[in-house]
Structure formats: C-alpha cells, structure tokens
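Everything on this sheet refers to the single structure shown next.
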Amino acid sequence: MRPLLGLLLVFSGCTFALYMLSTRLPRGPRLGSPEDPEGRLLWFPSDLSELRELSEVLREYRKEHEAYVFLLFCSAYLYKQGFAIPGSSFLNVLAGALFGPWMGLLLCCVLTSVGATICYLLSSIFGKQLVVSYFPDKVALLQRKVEENRNSLFFFLLFLRLFPMTPNWFLNLSAPILNIPIVHFFFAVLIGLIPYNFICVQTGSILSTVTSLDALFSWSTVFKLLAMALLALVPGTLIKKCSQKHLQLSKTSSTNHISRKDT
C-alpha cells in the first residue's frame, strides 16, 4: 500500500507543477494577452487538428518567450514519458513543428531516454509489486527472453525497441524487475528509438510548412516523406539481420502472447 501511496503523491505533485507551468504563462501575443489577463490553459493534443492548433499557438508565443516554451515542452514530455502515459508521438510531431527537424530530433531522443529512465526509477521504487501482480505472464515471458540473451543484452534491448515484442511503456516499467542495468537501458532507448523519433519529428517539420492540400502532395513533400521512410528502415534492417546470428529469439507463434500496443 505504501508504494502505491508514494506513487500517487509523486504523480499528484508533478501534475500540479505542470498545471501551474501551463497556466501561469508570461504575457505574449497569443497567451496571457490583455483580452485574457489570466492566461490560457494549454492542453495535450489528442488528434492532428488539435496538434496543428497547438503548434500555431506555441510558435507565435515562442517569438517572445522561447525559453519558456522550451521549458514547457520538456516538462510535458518528461511527464508523459515518466508516468508511461500514451501519446508521446504527438509531442514528437510537435517538436518538429516548433524546433525544426534536427533540433527537434535531438531533443526528442534525449527527452525520450531521460523520461524512460524516470519511468524505470519510479517503477523500481514504487511499482515492482504492482507490475508483477497485474502482468505476471507478460513479465515471465519477457524475463525468459532477457535471460536467454543475457550475454548480448544491449543488442537484445536494441532489437526490442526497433521490433517490439511488447509496448515500450511496459518495457520501461518492467526493466528494473528484469535486472536490466540502467546504463544499458538508457542507451538502448536513446539509440533504438531514433528511427521512430525521426519519422515523427520530420513529419512535424513538414506539416509546419504545409499551407494547403496542394502543398501536401507536391513533389518536394513526397520526396521528403520517401527519404524519411528509407532512412528509418536502415537501422532496423541491420539489427534484424545481425539478430539472426547473435540473439535467441522466439518463434513467431510465441511472440503472439504479448499484444503490441501504441506507445
């Protein structure tokens, strides 16, 4: 009972801090204007229309408060990753729209790794019993695969990030139970999720420059999307090819015990 109460206390404190950060905004051209002296409540986007609206608001606001937007984005990203809340893909796309393709990619890779490590630590301190009690079969299956590949653990963790047998959020939660070293865990997330982050950030960068449907289907946009797809396939193809020699992977039928969900 104590671990659950401790986790709820940490979650409540972080939620309150993020709420204050998103409502007590400095005055700007769109937020905290004279017509809205109390400031405007920001939100987590749940679809592309909300994402586009939020990106337009923040890009305008960023002209006068760049550091605050950066702090707000990082806080929101770490909040979602740290507490294993789905929907980080929208924030990856938002990063591309706000910070550009390369700065956005670097920022998302770092924040994904730090946020996943926070989730690892929270699970280690508060959540081990909860994870085992609610997902005993999934933990047992993953434990077997980790032990079979203990001699090439880092390579196996990279494989799991590129070709997930299990959702990323569950891997973050179960990693301390599986005795995965935190350094291996951090760098596997940092490297293994680069293709996924790359696609999302590049998509956000492209969408931020598209002003009409005609522009969306222009030759330049199509070539950019094609290049993104090809580049994202390269690391995964190499990992998959090498895994046949170094990893002890289960047959296709055994991987069906764990359903793949959106992270």
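By order of appearance in the structure tokens: chains A, B, ..., then residues from 1 within every chain, and ligands from 1 in the order shown.
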
request  = Can you pull out every residue within 8 Å of Leu51 of chain A, counting only C-alpha atoms, but drop anything in the same chain fewer than 5 positions away, and send it as a PyMOL selection string?
outcome  = chain A and resi 45-46+90+94

request  = Considering only C-alpha atoms, return as an MDAnalysis selection string whatever protein or nucleic-acid residues lie within 7 Å of segment 105-108 of chain A, sequence-local ones (same chain, fewer than 4 positions apart) excluded.
outcome  = chainID A and resid 92 101 112 197:198 201

Got time to write the residues from that selection, N, CA, C and O atoms, as a short mmCIF file (atom, residue, chain, number, x, y, z; two decimals), in the first residue's frame?
```
data_model
loop_
_atom_site.label_atom_id
_atom_site.label_comp_id
_atom_site.auth_asym_id
_atom_site.auth_seq_id
_atom_site.Cartn_x
_atom_site.Cartn_y
_atom_site.Cartn_z
N ASN A 92 6.29 14.34 -30.31
CA ASN A 92 7.39 14.26 -31.27
C ASN A 92 7.09 15.08 -32.51
O ASN A 92 7.96 15.80 -33.03
N PRO A 101 13.61 20.13 -37.83
CA PRO A 101 13.82 18.68 -37.94
C PRO A 101 14.98 18.14 -37.12
O PRO A 101 14.87 17.08 -36.50
N THR A 112 13.19 11.37 -24.63
CA THR A 112 12.66 10.00 -24.57
C THR A 112 13.51 9.15 -23.64
O THR A 112 12.97 8.39 -22.81
N ASN A 197 11.51 8.32 -33.64
CA ASN A 197 11.52 9.76 -33.38
C ASN A 197 11.79 10.54 -34.66
O ASN A 197 11.21 11.62 -34.86
N PHE A 198 12.65 10.01 -35.50
CA PHE A 198 12.98 10.69 -36.76
C PHE A 198 11.74 10.87 -37.63
O PHE A 198 11.49 11.96 -38.16
N VAL A 201 9.30 13.48 -35.93
CA VAL A 201 9.80 14.85 -35.95
C VAL A 201 9.81 15.40 -37.37
O VAL A 201 9.42 16.56 -37.61
#
```

task = List every residue of segment 56-147 of chain A that DSSP, applied to the backbone of this structure, assigns to alpha helix (DSSP H), and report them as a PyMOL selection string.
result = chain A and resi 56-62+66-82+88-99+101-122+128-134+136-147

Emit the selected residues as a CSV table (one decimal), in the first residue's frame, including C-alpha atoms.
```csv
chain,number,residue,atom,x,y,z
A,56,GLU,CA,0.5,27.5,-34.2
A,57,VAL,CA,-0.2,29.0,-30.8
A,58,LEU,CA,3.2,28.0,-29.4
A,59,ARG,CA,5.1,29.1,-32.5
A,60,GLU,CA,3.6,32.5,-32.1
A,61,TYR,CA,4.2,32.6,-28.4
A,62,ARG,CA,7.7,31.4,-28.8
A,66,GLU,CA,11.5,31.0,-26.4
A,67,ALA,CA,13.0,29.7,-23.1
A,68,TYR,CA,9.5,29.3,-21.5
A,69,VAL,CA,8.2,27.3,-24.5
A,70,PHE,CA,11.3,25.1,-24.3
A,71,LEU,CA,10.8,24.5,-20.6
A,72,LEU,CA,7.1,23.8,-21.0
A,73,PHE,CA,7.7,21.3,-23.8
A,74,CYS,CA,10.4,19.5,-21.9
A,75,SER,CA,8.3,19.3,-18.8
A,76,ALA,CA,5.2,18.0,-20.7
A,77,TYR,CA,7.3,15.4,-22.5
A,78,LEU,CA,9.0,14.1,-19.3
A,79,TYR,CA,5.7,14.0,-17.6
A,80,LYS,CA,4.2,11.7,-20.3
A,81,GLN,CA,7.3,9.5,-20.5
A,82,GLY,CA,7.9,9.3,-16.8
A,88,SER,CA,4.2,10.9,-27.0
A,89,SER,CA,4.1,10.6,-30.8
A,90,PHE,CA,2.0,13.8,-30.9
A,91,LEU,CA,4.7,15.6,-28.9
A,92,ASN,CA,7.4,14.3,-31.3
A,93,VAL,CA,5.5,15.8,-34.2
A,94,LEU,CA,5.0,19.0,-32.2
A,95,ALA,CA,8.8,19.1,-31.6
A,96,GLY,CA,9.4,19.0,-35.4
A,97,ALA,CA,6.9,21.9,-35.9
A,98,LEU,CA,8.4,24.0,-33.1
A,99,PHE,CA,12.1,23.4,-33.2
A,101,PRO,CA,13.8,18.7,-37.9
A,102,TRP,CA,17.3,18.3,-36.4
A,103,MET,CA,17.0,20.2,-33.2
A,104,GLY,CA,13.6,18.5,-32.7
A,105,LEU,CA,15.1,15.1,-33.3
A,106,LEU,CA,18.0,15.6,-30.8
A,107,LEU,CA,15.6,17.0,-28.2
A,108,CYS,CA,13.1,14.1,-28.6
A,109,CYS,CA,15.9,11.4,-28.4
A,110,VAL,CA,17.3,12.9,-25.2
A,111,LEU,CA,13.8,13.5,-23.6
A,112,THR,CA,12.7,10.0,-24.6
A,113,SER,CA,15.7,8.5,-22.9
A,114,VAL,CA,15.5,10.7,-19.8
A,115,GLY,CA,11.8,10.2,-19.5
A,116,ALA,CA,12.0,6.4,-19.9
A,117,THR,CA,14.8,6.3,-17.3
A,118,ILE,CA,12.5,8.3,-14.9
A,119,CYS,CA,9.8,5.7,-15.5
A,120,TYR,CA,12.4,3.0,-14.8
A,121,LEU,CA,13.3,4.6,-11.5
A,122,LEU,CA,9.7,5.1,-10.5
A,128,LYS,CA,7.6,-3.6,-8.9
A,129,GLN,CA,4.9,-5.4,-7.0
A,130,LEU,CA,2.1,-3.7,-9.0
A,131,VAL,CA,3.6,-4.6,-12.3
A,132,VAL,CA,4.2,-8.3,-11.3
A,133,SER,CA,0.7,-8.6,-9.8
A,134,TYR,CA,-1.1,-7.1,-12.8
A,136,PRO,CA,2.5,-11.9,-14.3
A,137,ASP,CA,2.5,-13.7,-17.7
A,138,LYS,CA,4.0,-10.9,-19.6
A,139,VAL,CA,6.7,-10.3,-17.1
A,140,ALA,CA,7.6,-14.1,-17.0
A,141,LEU,CA,7.8,-14.3,-20.8
A,142,LEU,CA,10.0,-11.2,-21.0
A,143,GLN,CA,12.1,-12.5,-18.2
A,144,ARG,CA,12.8,-15.7,-20.1
A,145,LYS,CA,13.8,-13.8,-23.2
A,146,VAL,CA,16.1,-11.5,-21.3
A,147,GLU,CA,17.9,-14.4,-19.6
```

request  = Please indicate the distance in Å from atom CA of Leu162 of chain A to atom CA of Gly192 of chain A, rounded to one decimal place.
outcome  =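 It comes out at 5.8 Å.
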
task = Could you jot down the atom CA of Leu4 of chain A to atom CA of Ile180 of chain A separation for me, Å, one decimal place?
result =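 Between these atoms lies a distance of 22.7 Å.
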
key: Closest of A:Leu153, A:Leu190, A:Leu173, A:Val183 to Ile85 of chain A - atom-to-atom distances counting only C-alpha atoms   =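 Ranking A:Leu153, A:Leu190, A:Leu173, A:Val183 by distance to Ile85 of chain A, first place goes to A:Leu173.
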
query = What's the 8 Å shell around Phe185 of chain A, counting only C-alpha atoms, without same-chain residues fewer than 2 positions away, as a list in words?
reply =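 In the requested format, the answer is Thr117, Phe154, Leu157, Ala175, Ile180, Pro181, Ile182, Val183, Phe187, Ala188 and Val189 of chain A.
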
Hey, can you spit out that residue selection with C-alpha atoms as a JSON list (two decimals), in the first residue's frame?
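The resulting file, result-v8.json, is reproduced below:
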```
[["chain", "number", "residue", "atom", "x", "y", "z"],
["A", 117, "THR", "CA", 14.75, 6.34, -17.26],
["A", 154, "PHE", "CA", 22.35, -4.45, -25.03],
["A", 157, "LEU", "CA", 17.35, -4.31, -25.93],
["A", 175, "ALA", "CA", 13.06, -3.26, -16.88],
["A", 180, "ILE", "CA", 18.40, -4.64, -16.70],
["A", 181, "PRO", "CA", 21.26, -2.23, -15.86],
["A", 182, "ILE", "CA", 20.13, 1.36, -16.06],
["A", 183, "VAL", "CA", 23.03, 2.36, -18.33],
["A", 187, "PHE", "CA", 21.40, 3.97, -24.27],
["A", 188, "ALA", "CA", 19.14, 1.30, -25.78],
["A", 189, "VAL", "CA", 16.27, 3.80, -25.65]]
```

message = Just checking: using only C-alpha atoms, which residue out of A:Arg2, A:Arg150, A:Arg24, A:Arg52 ends up closest to His184 of chain A?
response =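 Once distances to His184 of chain A are computed over only C-alpha atoms, the minimum belongs to A:Arg150.
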
key: Nearest to Ser123 of chain A, chosen from A:Ser174, A:Phe155, A:Leu18, A:Leu160, with only C-alpha atoms counted in the distances   =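 Under the stated criterion, the closest residue is A:Ser174.
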
task = Please measure the separation of atom CA of Ile191 of chain A and atom CA of Arg161 of chain A, giving the value in Å to one decimal.
result =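 Taking atom CA of Ile191 of chain A as the start and atom CA of Arg161 of chain A as the end point, the length is 8.8 Å.
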